[in-house]
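coords.pdb (PDB, C-alpha atoms)
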```
ATOM      1  CA  MET S 494     -37.171  16.512  14.440
ATOM      2  CA  LEU S 495     -35.208  13.778  12.703
ATOM      3  CA  SER S 496     -35.535  10.154  13.731
ATOM      4  CA  CYS S 497     -32.386   8.229  14.685
ATOM      5  CA  LYS S 498     -32.653   6.438  11.387
ATOM      6  CA  GLU S 499     -32.550   9.693   9.431
ATOM      7  CA  ALA S 500     -29.942  11.252  11.699
ATOM      8  CA  SER S 501     -27.564   8.299  11.419
ATOM      9  CA  ARG S 502     -27.866   8.404   7.642
ATOM     10  CA  LEU S 503     -26.980  12.069   7.590
ATOM     11  CA  ALA S 504     -24.098  11.517  10.006
ATOM     12  CA  SER S 505     -22.735   8.949   7.577
ATOM     13  CA  GLN S 506     -23.268  11.160   4.527
ATOM     14  CA  GLU S 507     -21.487  14.001   6.283
ATOM     15  CA  GLN S 508     -18.304  11.978   5.771
ATOM     16  CA  ASP S 509     -18.950  11.721   2.049
ATOM     17  CA  ARG S 510     -20.509  14.991   0.927
ATOM     18  CA  GLU S 511     -21.224  18.506   2.105
ATOM     19  CA  LEU S 512     -24.587  18.563   3.868
ATOM     20  CA  THR S 513     -27.022  21.362   3.040
ATOM     21  CA  ALA S 514     -27.475  24.028   5.711
ATOM     22  CA  THR S 515     -30.884  22.604   6.630
ATOM     23  CA  GLU S 516     -29.482  19.105   6.944
ATOM     24  CA  GLN S 517     -26.649  20.328   9.127
ATOM     25  CA  VAL S 518     -28.989  22.161  11.469
ATOM     26  CA  SER S 519     -31.349  19.176  11.766
ATOM     27  CA  LEU S 520     -28.459  16.811  12.386
ATOM     28  CA  ARG S 521     -26.865  19.037  15.063
ATOM     29  CA  ALA S 522     -30.256  19.491  16.753
ATOM     30  CA  HIS S 523     -30.782  15.743  16.851
ATOM     31  CA  LEU S 524     -27.264  15.014  18.114
ATOM     32  CA  PHE S 525     -27.706  17.630  20.817
ATOM     33  CA  VAL S 526     -30.468  15.638  22.458
ATOM     34  CA  CYS S 527     -29.708  12.038  21.429
ATOM     35  CA  THR S 528     -26.924  10.167  23.227
ATOM     36  CA  GLN S 529     -27.398   7.068  21.088
ATOM     37  CA  CYS S 530     -26.700   8.961  17.887
ATOM     38  CA  GLN S 531     -23.814  10.849  19.516
ATOM     39  CA  HIS S 532     -22.239   7.464  20.146
ATOM     40  CA  PHE S 533     -22.986   6.345  16.611
ATOM     41  CA  ALA S 534     -21.424   9.488  15.138
ATOM     42  CA  ALA S 535     -18.320   9.102  17.323
ATOM     43  CA  GLN S 536     -18.048   5.453  16.316
ATOM     44  CA  ILE S 537     -18.175   6.051  12.591
ATOM     45  CA  ASP S 538     -15.515   8.750  13.049
ATOM     46  CA  PHE S 539     -13.474   6.104  14.788
ATOM     47  CA  LEU S 540     -14.015   3.726  11.845
ATOM     48  CA  LYS S 541     -12.546   6.355   9.556
ATOM     49  CA  ARG S 542      -9.444   6.676  11.748
ATOM     50  CA  ALA S 543      -9.171   2.896  11.977
ATOM     51  CA  MET S 544      -9.249   2.600   8.172
ATOM     52  CA  LYS S 545      -6.548   5.252   7.921
ATOM     53  CA  ARG S 546      -4.413   3.353  10.359
ATOM     54  CA  TYR S 547      -5.105   0.108   8.525
ATOM     55  CA  ARG S 548      -4.009   1.736   5.276
ATOM     56  CA  VAL S 549      -0.645   2.982   6.448
ATOM     57  CA  ASP S 550       0.244  -0.030   8.493
ATOM     58  CA  LYS S 551      -1.137  -1.116  11.762
ATOM     59  CA  ASP S 552       2.363  -1.869  13.001
ATOM     60  CA  ASP S 553       3.569   1.652  12.319
ATOM     61  CA  LYS S 554       4.235   3.605  15.399
TER      62      LYS S 554
ATOM     63  CA  MET Z1137      15.226  -3.495   6.661
ATOM     64  CA  LEU Z1138      12.338  -5.270   5.066
ATOM     65  CA  ASP Z1139      10.744  -7.762   7.392
ATOM     66  CA  LEU Z1140       9.434 -10.513   5.155
ATOM     67  CA  ASN Z1141       7.674 -12.360   7.942
ATOM     68  CA  ASN Z1142       4.592 -10.228   7.693
ATOM     69  CA  LEU Z1143       4.074 -10.659   3.967
ATOM     70  CA  SER Z1144       1.065 -12.938   4.326
ATOM     71  CA  GLU Z1145      -0.568 -10.404   6.588
ATOM     72  CA  HIS Z1146       0.100  -7.594   4.124
ATOM     73  CA  ARG Z1147      -1.149  -9.863   1.381
ATOM     74  CA  ARG Z1148      -4.693  -9.826   2.791
ATOM     75  CA  TYR Z1149      -4.628  -6.033   2.810
ATOM     76  CA  LEU Z1150      -3.245  -5.831  -0.729
ATOM     77  CA  MET Z1151      -5.929  -8.219  -1.963
ATOM     78  CA  ARG Z1152      -8.628  -5.941  -0.557
ATOM     79  CA  TYR Z1153      -6.915  -2.928  -2.049
ATOM     80  CA  ALA Z1154      -6.686  -4.471  -5.508
ATOM     81  CA  THR Z1155     -10.127  -6.080  -5.483
ATOM     82  CA  ALA Z1156     -11.724  -2.715  -4.770
ATOM     83  CA  LYS Z1157     -10.152  -1.343  -7.919
ATOM     84  CA  LEU Z1158     -10.290  -4.284 -10.286
ATOM     85  CA  ARG Z1159     -13.682  -6.041 -10.145
ATOM     86  CA  SER Z1160     -12.131  -9.429 -10.645
ATOM     87  CA  GLU Z1161     -10.608 -11.308  -7.777
ATOM     88  CA  GLN Z1162      -8.531 -13.322 -10.190
ATOM     89  CA  ALA Z1163      -6.911 -10.221 -11.641
ATOM     90  CA  ALA Z1164      -6.334  -8.877  -8.132
ATOM     91  CA  ASP Z1165      -4.714 -12.115  -7.054
ATOM     92  CA  GLU Z1166      -2.414 -12.061 -10.051
ATOM     93  CA  LEU Z1167      -1.234  -8.506  -9.370
ATOM     94  CA  VAL Z1168      -0.762  -9.123  -5.668
ATOM     95  CA  GLN Z1169       1.424 -12.135  -6.429
ATOM     96  CA  GLU Z1170       3.471 -10.037  -8.831
ATOM     97  CA  THR Z1171       3.757  -7.296  -6.228
ATOM     98  CA  LEU Z1172       5.019  -9.613  -3.514
ATOM     99  CA  LEU Z1173       7.450 -11.171  -5.926
ATOM    100  CA  ALA Z1174       8.746  -7.766  -6.968
ATOM    101  CA  ALA Z1175       9.025  -6.813  -3.301
ATOM    102  CA  VAL Z1176      11.046  -9.867  -2.412
ATOM    103  CA  GLU Z1177      13.339  -9.300  -5.405
ATOM    104  CA  SER Z1178      13.949  -5.678  -4.563
ATOM    105  CA  ALA Z1179      13.899  -6.027  -0.786
ATOM    106  CA  ALA Z1180      17.335  -4.460  -0.620
ATOM    107  CA  SER Z1181      16.037  -1.225  -2.123
ATOM    108  CA  PHE Z1182      13.454  -0.830   0.617
ATOM    109  CA  GLY Z1183      14.848   2.060   2.591
ATOM    110  CA  GLY Z1184      12.491   1.905   5.528
ATOM    111  CA  LYS Z1185      11.471   5.504   4.986
ATOM    112  CA  SER Z1186       7.846   4.478   4.681
ATOM    113  CA  SER Z1187       6.043   1.535   6.226
ATOM    114  CA  VAL Z1188       6.257  -1.817   4.456
ATOM    115  CA  ARG Z1189       2.565  -1.587   3.724
ATOM    116  CA  THR Z1190       2.891   1.825   2.086
ATOM    117  CA  TRP Z1191       5.825   0.592   0.010
ATOM    118  CA  LEU Z1192       3.968  -2.544  -1.138
ATOM    119  CA  THR Z1193       0.891  -0.484  -1.937
ATOM    120  CA  ALA Z1194       2.961   1.826  -4.134
ATOM    121  CA  ILE Z1195       4.240  -1.136  -6.155
ATOM    122  CA  LEU Z1196       0.733  -2.564  -6.441
ATOM    123  CA  LYS Z1197      -0.707   0.781  -7.500
ATOM    124  CA  HIS Z1198       1.591   0.887 -10.537
ATOM    125  CA  LYS Z1199       0.632  -2.637 -11.490
ATOM    126  CA  ILE Z1200      -3.071  -1.788 -11.237
ATOM    127  CA  ILE Z1201      -2.623   1.246 -13.481
ATOM    128  CA  ASP Z1202      -0.746  -0.863 -16.029
ATOM    129  CA  MET Z1203      -3.456  -3.466 -16.033
ATOM    130  CA  GLN Z1204      -6.185  -0.860 -16.383
ATOM    131  CA  ARG Z1205      -4.362   0.628 -19.368
ATOM    132  CA  ARG Z1206      -4.195  -2.788 -20.994
ATOM    133  CA  GLU Z1207      -7.889  -3.378 -20.263
ATOM    134  CA  ALA Z1208      -8.858   0.005 -21.640
ATOM    135  CA  ARG Z1209      -7.482  -1.141 -24.969
ATOM    136  CA  SER Z1210      -9.603  -4.286 -24.895
ATOM    137  CA  PRO Z1211     -12.760  -3.432 -22.983
ATOM    138  CA  ILE Z1212     -14.684  -6.271 -21.366
ATOM    139  CA  VAL Z1213     -18.289  -5.772 -20.329
ATOM    140  CA  ASP Z1214     -18.673  -6.669 -16.695
ATOM    141  CA  VAL Z1215     -22.263  -7.717 -16.126
ATOM    142  CA  ALA Z1216     -21.940  -8.230 -12.402
ATOM    143  CA  ALA Z1217     -20.886  -4.630 -11.862
ATOM    144  CA  HIS Z1218     -24.277  -3.459 -13.058
ATOM    145  CA  LEU Z1219     -26.236  -5.236 -10.383
ATOM    146  CA  ASP Z1220     -27.163  -3.122  -7.396
ATOM    147  CA  GLU Z1221     -27.363  -6.031  -5.036
ATOM    148  CA  ASP Z1222     -26.163  -4.155  -1.988
ATOM    149  CA  THR Z1223     -28.201  -0.976  -2.122
ATOM    150  CA  ASP Z1224     -31.509  -2.242  -0.785
ATOM    151  CA  LEU Z1225     -32.253  -0.439   2.448
ATOM    152  CA  GLU Z1226     -34.903  -2.826   3.689
ATOM    153  CA  ASP Z1227     -32.738  -5.089   5.812
ATOM    154  CA  LEU Z1228     -31.300  -2.041   7.561
ATOM    155  CA  ASP Z1229     -34.800  -1.459   8.921
ATOM    156  CA  ALA Z1230     -34.127  -4.309  11.315
ATOM    157  CA  LEU Z1231     -31.709  -2.044  13.210
ATOM    158  CA  PHE Z1232     -34.487   0.410  14.020
ATOM    159  CA  VAL Z1233     -37.932   0.195  15.631
ATOM    160  CA  PRO Z1234     -40.811   1.429  13.446
ATOM    161  CA  ASP Z1235     -40.730   4.984  14.838
ATOM    162  CA  GLY Z1236     -37.090   5.309  13.691
ATOM    163  CA  HIS Z1237     -35.306   4.876  17.036
ATOM    164  CA  TRP Z1238     -32.423   2.433  17.388
ATOM    165  CA  ARG Z1239     -33.624  -1.025  18.283
ATOM    166  CA  ASP Z1240     -30.580  -1.825  20.414
ATOM    167  CA  GLU Z1241     -28.724   0.394  22.773
ATOM    168  CA  MET Z1242     -25.654   2.103  21.337
ATOM    169  CA  PRO Z1243     -23.055   1.875  24.122
ATOM    170  CA  ALA Z1244     -20.114   4.296  24.182
ATOM    171  CA  TRP Z1245     -16.757   2.823  23.150
ATOM    172  CA  GLY Z1246     -14.662   4.772  25.623
ATOM    173  CA  GLN Z1247     -11.139   5.262  24.272
ATOM    174  CA  PRO Z1248     -11.333   3.049  21.172
ATOM    175  CA  GLU Z1249      -7.898   4.161  19.846
ATOM    176  CA  GLN Z1250      -6.271   2.117  22.576
ATOM    177  CA  SER Z1251      -7.335  -0.939  20.587
ATOM    178  CA  PHE Z1252      -4.992   0.088  17.755
ATOM    179  CA  GLU Z1253      -2.088  -1.356  19.716
ATOM    180  CA  ASN Z1254      -3.795  -4.692  20.109
ATOM    181  CA  GLN Z1255      -3.157  -7.277  17.396
ATOM    182  CA  LYS Z1256      -6.385  -9.061  18.312
ATOM    183  CA  PHE Z1257      -8.346  -5.927  17.489
ATOM    184  CA  TRP Z1258      -7.016  -5.956  13.937
ATOM    185  CA  GLU Z1259      -8.003  -9.584  13.579
ATOM    186  CA  ALA Z1260     -11.539  -8.670  14.636
ATOM    187  CA  PHE Z1261     -11.434  -5.660  12.292
ATOM    188  CA  GLU Z1262     -10.445  -7.776   9.283
ATOM    189  CA  HIS Z1263     -13.032 -10.370  10.212
ATOM    190  CA  CYS Z1264     -15.659  -7.616  10.189
ATOM    191  CA  LEU Z1265     -14.456  -6.262   6.822
ATOM    192  CA  ASP Z1266     -14.800  -9.783   5.432
ATOM    193  CA  GLY Z1267     -18.394  -9.872   6.630
ATOM    194  CA  LEU Z1268     -19.491  -6.928   4.470
ATOM    195  CA  PRO Z1269     -21.293  -7.664   1.186
ATOM    196  CA  ALA Z1270     -18.775  -7.614  -1.671
ATOM    197  CA  LYS Z1271     -19.879  -4.462  -3.426
ATOM    198  CA  THR Z1272     -20.386  -2.614  -0.151
ATOM    199  CA  ALA Z1273     -16.851  -3.517   0.876
ATOM    200  CA  ARG Z1274     -15.537  -2.258  -2.471
ATOM    201  CA  ALA Z1275     -17.336   1.058  -2.115
ATOM    202  CA  PHE Z1276     -16.028   1.481   1.422
ATOM    203  CA  PHE Z1277     -12.472   0.644   0.360
ATOM    204  CA  LEU Z1278     -12.564   3.031  -2.568
ATOM    205  CA  ARG Z1279     -13.737   5.742  -0.186
ATOM    206  CA  GLU Z1280     -11.540   5.171   2.854
ATOM    207  CA  ILE Z1281      -8.426   3.514   1.445
ATOM    208  CA  HIS Z1282      -8.212   4.888  -2.089
ATOM    209  CA  GLY Z1283      -9.581   8.210  -0.848
ATOM    210  CA  MET Z1284     -11.969   8.597  -3.775
ATOM    211  CA  GLU Z1285     -14.861  11.067  -3.790
ATOM    212  CA  THR Z1286     -18.349   9.626  -4.091
ATOM    213  CA  ASP Z1287     -18.875  10.727  -7.689
ATOM    214  CA  GLU Z1288     -15.749   8.792  -8.710
ATOM    215  CA  ILE Z1289     -16.938   5.768  -6.753
ATOM    216  CA  CYS Z1290     -20.327   5.918  -8.489
ATOM    217  CA  GLN Z1291     -18.588   5.824 -11.837
ATOM    218  CA  GLU Z1292     -16.264   3.034 -10.820
ATOM    219  CA  LEU Z1293     -19.125   0.879  -9.508
ATOM    220  CA  ASP Z1294     -21.644   2.159 -12.039
ATOM    221  CA  ILE Z1295     -24.257   3.168  -9.470
ATOM    222  CA  SER Z1296     -26.141   6.386  -8.690
ATOM    223  CA  SER Z1297     -24.749   8.736  -6.071
ATOM    224  CA  SER Z1298     -27.635   8.099  -3.695
ATOM    225  CA  ASN Z1299     -26.917   4.380  -3.941
ATOM    226  CA  CYS Z1300     -23.307   5.131  -3.233
ATOM    227  CA  TRP Z1301     -24.185   6.953  -0.015
ATOM    228  CA  VAL Z1302     -26.475   4.116   0.976
ATOM    229  CA  MET Z1303     -23.653   1.636   0.457
ATOM    230  CA  LEU Z1304     -21.199   3.630   2.533
ATOM    231  CA  TYR Z1305     -23.823   4.047   5.251
ATOM    232  CA  ARG Z1306     -24.455   0.333   5.132
ATOM    233  CA  ALA Z1307     -20.740  -0.400   5.385
ATOM    234  CA  ARG Z1308     -20.397   1.791   8.480
ATOM    235  CA  LEU Z1309     -23.482   0.334  10.144
ATOM    236  CA  GLY Z1310     -22.275  -3.176   9.427
ATOM    237  CA  LEU Z1311     -18.733  -2.580  10.653
ATOM    238  CA  ARG Z1312     -19.944  -0.774  13.747
ATOM    239  CA  GLU Z1313     -22.363  -3.548  14.602
ATOM    240  CA  CYS Z1314     -19.767  -6.246  14.036
ATOM    241  CA  LEU Z1315     -17.115  -4.500  16.155
ATOM    242  CA  GLN Z1316     -19.686  -3.941  18.880
ATOM    243  CA  VAL Z1317     -20.400  -7.655  19.022
ATOM    244  CA  ASN Z1318     -16.889  -8.973  18.390
ATOM    245  CA  TRP Z1319     -14.742  -6.446  20.144
ATOM    246  CA  PHE Z1320     -16.174  -3.575  22.141
ATOM    247  CA  GLY Z1321     -18.963  -5.667  23.657
ATOM    248  CA  GLU Z1322     -16.357  -8.101  24.960
ATOM    249  CA  ALA Z1323     -14.366  -5.563  26.932
ATOM    250  CA  PRO Z1324     -15.060  -5.536  30.652
TER     251      PRO Z1324
END
```
Can I see the file as structure tokens?
Amino acid sequence: MLSCKEASRLASQEQDRELTATEQVSLRAHLFVCTQCQHFAAQIDFLKRAMKRYRVDKDDK
Amino acid sequence: MLDLNNLSEHRRYLMRYATAKLRSEQAADELVQETLLAAVESAASFGGKSSVRTWLTAILKHKIIDMQRREARSPIVDVAAHLDEDTDLEDLDALFVPDGHWRDEMPAWGQPEQSFENQKFWEAFEHCLDGLPAKTARAFFLREIHGMETDEICQELDISSSNCWVMLYRARLGLRECLQVNWFGEAP
């Protein structure tokens, strides 16, 4: 079982590279049981959307 | 029509955009000035089909490419770019207890997109971007704004790919933490 430290690293890397099958399974297993890391993963997804919005123009509707 | 009132606000964004690509803040500043000048001069040709920011970025992008072409002809060795000052993982340990669990609770952010409509959120967001270490911020900008893949970013910053992932991880942890404290923690 991954620690939160390892899981959060993988969750971040998932945005930057294709995880190996083993990594994906370990990450999913960890996220399944860990609310803290679920929140972390949702929050870094949000950061990605925020950066996208920031790039286009925050005033754009 | 082009609304020139927001130019100073766009300027901060353009500076970040250019600095990520150019290594030197001075060069970035120069190009951003030129961009804003060009924008003001050709304001009439702005058709409003894209956002002002997208339009300004397009002008800046051309100027960056021009400058890089000029620099390619007279290469300068950039010593600072070879230092991996931001890739040390040790200080990230402070976010976790020794068994690898989070030290602090990670509260849910609810419907964070609602903050997009709030000008104060973007002030907090820019404040948090400013708080990132310089090279980390560059890596994150190249990834999320310039849309580069990690192998390109490694080349650009002259670091290994594992260091690149560490930097992006660090950027996300830092931004998350800062927004938690400065924005999402504040909400009732």
Exercise answer, chain S residues close to chain Z, 10 Å and only C-alpha atoms, as a PyMOL selection string: chain S and resi 495-510+528-533+535-554
Separation of CA of Ala1156 in chain Z from CA of Ile1289 in chain Z in Å: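 It comes out at 10.2 Å.
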Pairwise distance for CA of Glu1313 in chain Z and CA of Cys1264 in chain Z, rounded to one decimal in Å: 9.0 Å
Given the PyMOL selection byres ((chain Z and resi 1182) around 12), the residues it picks as a list in words: Met1137, Leu1138, Asp1139, Leu1140, Ala1174, Ala1175, Val1176, Glu1177, Ser1178, Ala1179, Ala1180, Ser1181, Gly1183, Gly1184, Lys1185, Ser1186, Ser1187, Val1188, Arg1189, Thr1190, Trp1191, Leu1192, Ala1194 and Ile1195 of chain Z
Interatomic distance (Å, one decimal) between CA of Asn1142 in chain Z and CA of Asp1266 in chain Z: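 A separation of 19.5 Å between them.
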All residues 10 Å or closer to Glu1288 in chain Z, all atoms listed in the file, same chain fewer than 6 positions away omitted, as an MDAnalysis selection string: chainID Z and resid 1278:1279 1294 1297
Range 512-541 of chain S rebuilt with N, CA and C atoms, output as an mmCIF file, in the coordinates of the input:
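Final output, saved to out.cif:
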```
data_model
loop_
_atom_site.group_PDB
_atom_site.id
_atom_site.type_symbol
_atom_site.label_atom_id
_atom_site.label_comp_id
_atom_site.auth_asym_id
_atom_site.auth_seq_id
_atom_site.Cartn_x
_atom_site.Cartn_y
_atom_site.Cartn_z
ATOM 1 N N LEU S 512 -23.148 18.525 3.594
ATOM 2 C CA LEU S 512 -24.587 18.563 3.868
ATOM 3 C C LEU S 512 -25.127 19.959 3.574
ATOM 4 N N THR S 513 -26.403 20.042 3.215
ATOM 5 C CA THR S 513 -27.022 21.362 3.040
ATOM 6 C C THR S 513 -27.149 22.006 4.422
ATOM 7 N N ALA S 514 -27.367 23.311 4.435
ATOM 8 C CA ALA S 514 -27.475 24.028 5.711
ATOM 9 C C ALA S 514 -28.606 23.444 6.553
ATOM 10 N N THR S 515 -29.737 23.173 5.908
ATOM 11 C CA THR S 515 -30.884 22.604 6.630
ATOM 12 C C THR S 515 -30.527 21.254 7.237
ATOM 13 N N GLU S 516 -29.859 20.427 6.441
ATOM 14 C CA GLU S 516 -29.482 19.105 6.944
ATOM 15 C C GLU S 516 -28.544 19.224 8.136
ATOM 16 N N GLN S 517 -27.605 20.158 8.025
ATOM 17 C CA GLN S 517 -26.649 20.328 9.127
ATOM 18 C C GLN S 517 -27.345 20.730 10.410
ATOM 19 N N VAL S 518 -28.271 21.695 10.281
ATOM 20 C CA VAL S 518 -28.989 22.161 11.469
ATOM 21 C C VAL S 518 -29.811 21.024 12.077
ATOM 22 N N SER S 519 -30.528 20.277 11.228
ATOM 23 C CA SER S 519 -31.349 19.176 11.766
ATOM 24 C C SER S 519 -30.484 18.120 12.432
ATOM 25 N N LEU S 520 -29.334 17.829 11.812
ATOM 26 C CA LEU S 520 -28.459 16.811 12.386
ATOM 27 C C LEU S 520 -27.907 17.260 13.741
ATOM 28 N N ARG S 521 -27.402 18.508 13.787
ATOM 29 C CA ARG S 521 -26.865 19.037 15.063
ATOM 30 C C ARG S 521 -27.942 19.020 16.140
ATOM 31 N N ALA S 522 -29.160 19.440 15.768
ATOM 32 C CA ALA S 522 -30.256 19.491 16.753
ATOM 33 C C ALA S 522 -30.523 18.086 17.296
ATOM 34 N N HIS S 523 -30.527 17.115 16.407
ATOM 35 C CA HIS S 523 -30.782 15.743 16.851
ATOM 36 C C HIS S 523 -29.647 15.254 17.764
ATOM 37 N N LEU S 524 -28.411 15.488 17.323
ATOM 38 C CA LEU S 524 -27.264 15.014 18.114
ATOM 39 C C LEU S 524 -27.228 15.666 19.497
ATOM 40 N N PHE S 525 -27.726 16.896 19.550
ATOM 41 C CA PHE S 525 -27.706 17.630 20.817
ATOM 42 C C PHE S 525 -28.514 16.898 21.894
ATOM 43 N N VAL S 526 -29.596 16.273 21.460
ATOM 44 C CA VAL S 526 -30.468 15.638 22.458
ATOM 45 C C VAL S 526 -30.357 14.111 22.494
ATOM 46 N N CYS S 527 -29.665 13.502 21.520
ATOM 47 C CA CYS S 527 -29.708 12.038 21.429
ATOM 48 C C CYS S 527 -28.334 11.411 21.683
ATOM 49 N N THR S 528 -28.191 10.797 22.864
ATOM 50 C CA THR S 528 -26.924 10.167 23.227
ATOM 51 C C THR S 528 -26.591 8.994 22.306
ATOM 52 N N GLN S 529 -27.611 8.228 21.948
ATOM 53 C CA GLN S 529 -27.398 7.068 21.088
ATOM 54 C C GLN S 529 -26.711 7.479 19.782
ATOM 55 N N CYS S 530 -27.263 8.522 19.169
ATOM 56 C CA CYS S 530 -26.700 8.961 17.887
ATOM 57 C C CYS S 530 -25.352 9.663 18.067
ATOM 58 N N GLN S 531 -25.155 10.298 19.232
ATOM 59 C CA GLN S 531 -23.814 10.849 19.516
ATOM 60 C C GLN S 531 -22.797 9.720 19.497
ATOM 61 N N HIS S 532 -23.158 8.609 20.133
ATOM 62 C CA HIS S 532 -22.239 7.464 20.146
ATOM 63 C C HIS S 532 -22.016 6.947 18.736
ATOM 64 N N PHE S 533 -23.111 6.834 17.990
ATOM 65 C CA PHE S 533 -22.986 6.345 16.611
ATOM 66 C C PHE S 533 -22.045 7.243 15.802
ATOM 67 N N ALA S 534 -22.254 8.553 15.916
ATOM 68 C CA ALA S 534 -21.424 9.488 15.138
ATOM 69 C C ALA S 534 -19.952 9.374 15.546
ATOM 70 N N ALA S 535 -19.703 9.243 16.851
ATOM 71 C CA ALA S 535 -18.320 9.102 17.323
ATOM 72 C C ALA S 535 -17.726 7.791 16.808
ATOM 73 N N GLN S 536 -18.548 6.766 16.730
ATOM 74 C CA GLN S 536 -18.048 5.453 16.316
ATOM 75 C C GLN S 536 -17.725 5.409 14.826
ATOM 76 N N ILE S 537 -18.541 6.073 14.015
ATOM 77 C CA ILE S 537 -18.175 6.051 12.591
ATOM 78 C C ILE S 537 -16.967 6.962 12.325
ATOM 79 N N ASP S 538 -16.770 7.981 13.153
ATOM 80 C CA ASP S 538 -15.515 8.750 13.049
ATOM 81 C C ASP S 538 -14.326 7.853 13.382
ATOM 82 N N PHE S 539 -14.528 7.041 14.409
ATOM 83 C CA PHE S 539 -13.474 6.104 14.788
ATOM 84 C C PHE S 539 -13.172 5.123 13.650
ATOM 85 N N LEU S 540 -14.228 4.657 12.962
ATOM 86 C CA LEU S 540 -14.015 3.726 11.845
ATOM 87 C C LEU S 540 -13.135 4.362 10.773
ATOM 88 N N LYS S 541 -13.350 5.641 10.550
ATOM 89 C CA LYS S 541 -12.546 6.355 9.556
ATOM 90 C C LYS S 541 -11.073 6.363 9.972
#
```
